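Below you'll find the structure, written out as structure tokens, and then a few comments.
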Amino acid sequence: MNIPKTSFPRVVIVGGGFAGIMLAKNLKNQELQVVLIDKNNYHTFQPLLYQVATGGLEPDSIAFPIRKVIKDIPNFYFRLAEVSEIDTNKRKIITNIGKLKYDYLVIATGSKTNYFGNTKIEKFSMAMKSVPQSLNLRSLILENFEDALLTSNLEERNALMNFVIVGGGPTGVELAGALAEMKKGILPKDYPDLDIRQMQINIVQGGNRLLNTMSEIASEKAEDFLIHLGVNIYKNVHVVDYDGYKVDTNTDLNFEAATVIWAAGVKGATVNGLQNECIIERAERIKVDEFNKVKGYKNVFAIGDVACMSTNQYPKGHPMMAQPAIQQGKHLAYNMIAEITNKPLKPFIYKDKGAMATIGRNKAVVDLKKIRFQGVFAWFVWMFVHLFSLIGFRNRAVVFLNWVYNYIRFDRETRLIIRPFKKKP
Ligand SMILES: Cc1cc2nc3c(=O)[nH]c(=O)nc-3n(C[C@H](O)[C@H](O)[C@H](O)COP(=O)(O)OP(=O)(O)OC[C@H]3O[C@@H](n4cnc5c(N)ncnc54)[C@H](O)[C@@H]3O)c2cc1C
């Protein structure tokens with residue numbers, strides 16, 4: 001990999017997401033050599049992927065070059081590579097560009113979509129975990145309307161304008177809200193010769209309420225907002241099959257839909273090579289202790305979505321969200337520095353800053369520790385928090401300008417089919 005040897009211990013961080021970037025930033029100017037590895041040369045701000053998918057933001061505005069994060073820091077290296085395996089006996093990682101030895105290894109590979117073993121759903125549905133996937137979805141949504149214009153078969157046209165979102169968590173709710181805004185403000189203007197009222201947006205939620213990790217009032221309000229926007233909500237229903245056209249559920253309900261978006265679950269994006277006992281089977285997360293050390297290893301750590309730290313308050317691990325990832329990244333840096341300077345380590349304690357979700361224009365729900373609010377003010381808070389969580393001044397400026405423009409003009413200018421999406425046969 002062409003990384004020079006130094007007398008400093010080498011920390012290899014796999015993954016430049018929220019956790020990996022925060023760790024790297026907080027390790028600067030220490031007596032360590034830091035190598036950050038990611039399969040992309042950019043960091044993705046996943047909370048705004050749905051806006052890329054619905055033509056509200058350019059993909060570049062929610063991605064940030066990883067090399068820029070570590071620019072001008074001595075002893076820092078970035079390599080664009082996919083890690084396929086870890087050899088803990090030889091203290092090496094194996095990647096598509098070669099092997100690399102480590103003194104400390106930090107796995108910060110995040111999560112991937114969980115289809116719960118249903119390969120047909122995996123093949124035919126759309127996921128929204130990365131920038132390319134969001135661009136695929138954006139293309140597919142627009143291609144469906146182009147195709148709907150051409151067909152005289154009513155059933156086919158309805159299926160092309162029928163969107164099924166599986167999962168009523170923040171991703172499903174936010175996407176449904178954005179699609180509903182497109183239905184109201186954009187699509188009737190772009191496709192005047194189609195009856196856009198035929199477009200259906202459906203959320204299928206396995207549990208008995210939307211946003212089930214938030215307060216009940218947030219769930220109720222989100223549901224009210226979505227119903228007001230014309231979204232159909234089906235609760236206590238599980239999608240069990242999809243063949244690219246027909247969606248089957250565990251009830252009598254079924255749909256004919258050209259687009260199913262799978263937002264029903266994630267699992268850890270683990271890397272091969274750790275002992276089986278370290279991995280939690282169903283969630284595929286790596287078991288770590290309160291110092292983020294992988295159980296059974298002295299010098300291997302995991303942080304962020306991929307790590308499962310079971311505590312009294314969070315027996316199933318911390319929520320797979322940005323805040324735990326950011327806080328674990330920062331905390332592990334503290335402990336690594338403490339270890340090399342012979343200071344006592346501190347166990348990780350998660351500070352829950354709350355949760356929020358937006359449901360279209362002027363509508364959001366916010367649960368903070370002591371207060372909960374919904375509506376326009378919540379929407380401004382949501383925008384402010386997301387804007388300032390983005391990395392890079394350019395990204396913040398571009399997103400802000402886009403939002404102001406979209407708000408004033410009721411528009412979404414990036415409804416472009418740049419890279420046509422070809423459906424799987
Ligand atoms: C659509 C969507 C909306 C979301 N909305 C919110 C929200 O509103 N609020 C919130 O708090 N959280 C939200 N989340 C969750 C949040 O984005 C994650 O919890 C957070 O990104 C986890 O950070 P991480 O550093 O663990 O992983 P990630 O940010 O996923 O980063 C992992 C990195 O590892 C790299 N990688 C993975 N495998 C390999 C490999 N084998 N080799 C090399 N590199 C690898 C990836 O390329 C990636 O850069 C959302 C997620 C999605 C998908």
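Ligands are numbered from 1 in the order shown, residues from 1 within each chain, and chains are lettered A, B, ... in the order they appear in the structure tokens.
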Using only C-alpha atoms, I'd like a table of the residues in stretch 289-311 of chain A that come within 10 Å of stretch 90-106 of chain A; for each, show the closest atom pair and its distance in Å rounded to one decimal, ordered by chain and ascending number, as a Markdown table.
```
| residue | atom | partner | partner_atom | distance |
| --- | --- | --- | --- | --- |
| A:Asn292 | CA | A:Val106 | CA | 9.2 |
| A:Lys293 | CA | A:Val106 | CA | 8.9 |
| A:Val294 | CA | A:Val106 | CA | 9.3 |
| A:Lys298 | CA | A:Tyr104 | CA | 8.7 |
| A:Asn299 | CA | A:Tyr104 | CA | 4.9 |
| A:Val300 | CA | A:Leu105 | CA | 4.8 |
| A:Phe301 | CA | A:Val106 | CA | 4.6 |
| A:Ala302 | CA | A:Val106 | CA | 5.4 |
| A:Ile303 | CA | A:Val106 | CA | 7.3 |
```
Any chance you could export the current selection's N, CA and C atoms as an mmCIF file, in the first residue's frame?
```cif
data_model
loop_
_atom_site.group_PDB
_atom_site.id
_atom_site.type_symbol
_atom_site.label_atom_id
_atom_site.label_comp_id
_atom_site.auth_asym_id
_atom_site.auth_seq_id
_atom_site.Cartn_x
_atom_site.Cartn_y
_atom_site.Cartn_z
ATOM 1 N N ASN A 292 -14.952 0.151 23.607
ATOM 2 C CA ASN A 292 -15.079 -0.143 22.172
ATOM 3 C C ASN A 292 -14.079 -1.189 21.681
ATOM 4 N N LYS A 293 -13.512 -1.940 22.621
ATOM 5 C CA LYS A 293 -12.576 -3.005 22.250
ATOM 6 C C LYS A 293 -13.379 -4.244 21.877
ATOM 7 N N VAL A 294 -13.027 -4.869 20.755
ATOM 8 C CA VAL A 294 -13.758 -6.061 20.329
ATOM 9 C C VAL A 294 -13.465 -7.192 21.311
ATOM 10 N N LYS A 298 -7.015 -7.610 21.892
ATOM 11 C CA LYS A 298 -6.384 -6.530 22.658
ATOM 12 C C LYS A 298 -6.290 -5.239 21.865
ATOM 13 N N ASN A 299 -6.140 -5.394 20.551
ATOM 14 C CA ASN A 299 -5.833 -4.205 19.731
ATOM 15 C C ASN A 299 -6.800 -4.037 18.556
ATOM 16 N N VAL A 300 -7.987 -4.626 18.672
ATOM 17 C CA VAL A 300 -8.993 -4.442 17.620
ATOM 18 C C VAL A 300 -10.220 -3.773 18.252
ATOM 19 N N PHE A 301 -10.672 -2.700 17.609
ATOM 20 C CA PHE A 301 -11.794 -1.924 18.143
ATOM 21 C C PHE A 301 -12.890 -1.831 17.068
ATOM 22 N N ALA A 302 -14.101 -1.560 17.511
ATOM 23 C CA ALA A 302 -15.180 -1.277 16.543
ATOM 24 C C ALA A 302 -15.986 -0.112 17.084
ATOM 25 N N ILE A 303 -16.380 0.789 16.179
ATOM 26 C CA ILE A 303 -17.157 1.974 16.579
ATOM 27 C C ILE A 303 -18.281 2.221 15.574
#
```
Determine, counting only C-alpha atoms, which protein, DNA and RNA residues have an atom within 9 Å of an atom of A:Leu274; residues of the same chain fewer than 5 positions away are not included. Present the result as a PDB file with N, CA and C atoms, in the first residue's frame.
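What landed in selection_26.pdb:
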```
ATOM      1  N   GLU A  85     -10.932  -8.739   4.372  1.00  0.00           N
ATOM      2  CA  GLU A  85     -10.669  -9.661   5.484  1.00  0.00           C
ATOM      3  C   GLU A  85      -9.671  -9.071   6.478  1.00  0.00           C
ATOM      4  N   ILE A  86      -9.747  -9.584   7.688  1.00  0.00           N
ATOM      5  CA  ILE A  86      -8.776  -9.191   8.717  1.00  0.00           C
ATOM      6  C   ILE A  86      -8.061 -10.460   9.160  1.00  0.00           C
ATOM      7  N   ASP A  87      -6.740 -10.367   9.271  1.00  0.00           N
ATOM      8  CA  ASP A  87      -5.985 -11.508   9.805  1.00  0.00           C
ATOM      9  C   ASP A  87      -5.454 -11.057  11.168  1.00  0.00           C
ATOM     10  N   THR A  88      -6.186 -11.423  12.206  1.00  0.00           N
ATOM     11  CA  THR A  88      -5.831 -10.899  13.525  1.00  0.00           C
ATOM     12  C   THR A  88      -4.560 -11.561  14.075  1.00  0.00           C
ATOM     13  N   ILE A 279     -19.531 -11.753  16.881  1.00  0.00           N
ATOM     14  CA  ILE A 279     -20.585 -11.179  16.040  1.00  0.00           C
ATOM     15  C   ILE A 279     -21.956 -11.563  16.582  1.00  0.00           C
ATOM     16  N   ILE A 286     -20.683  -6.098  15.793  1.00  0.00           N
ATOM     17  CA  ILE A 286     -19.522  -6.649  16.504  1.00  0.00           C
ATOM     18  C   ILE A 286     -19.621  -6.299  17.993  1.00  0.00           C
TER      19      ILE A 286
END
```
Self-check item: DSSP alpha helix (DSSP H) selection over stretch 160-389 of chain A, as a PyMOL selection string
Solution: chain A and resi 160+170-185+187-190+216-228+322-340+376-389
Practice problem: Write out as a count of residues only the residues lying within 7 Å of A:Arg285, counting only C-alpha atoms and excluding same-chain residues fewer than 3 positions away. | Solution: 8
Practice problem: Kindly give the distance, in Å, that separates atom CA of A:Leu332 and atom CA of A:Leu23, rounded to a single decimal. | Solution: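 Spanning atom CA of A:Leu332 to atom CA of A:Leu23 is a straight-line distance of 6.7 Å.
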Exercise. Determine which residues of stretch 347-420 of chain A receive a DSSP assignment of strand (DSSP E or B), computed from the backbone, and state them as number ranges by chain.
Key: A: 355-358, 364-367, 372-374
Practice problem: Choose the residue, out of A:Arg372, A:Lys184, A:Lys129, A:Lys123, that has the smallest atom-to-atom separation from ligand 1; count only C-alpha atoms and all ligand atoms. | Solution: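 Among the listed residues, A:Lys129 lies closest to ligand 1.
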Quiz prompt | Exercise: A:Lys422 partners within 12 Å, only C-alpha atoms, chain neighbours under 6 positions left out, as a VMD selection string | solution = chain A and resid 124 126 136 to 137 139 to 141 143 to 144
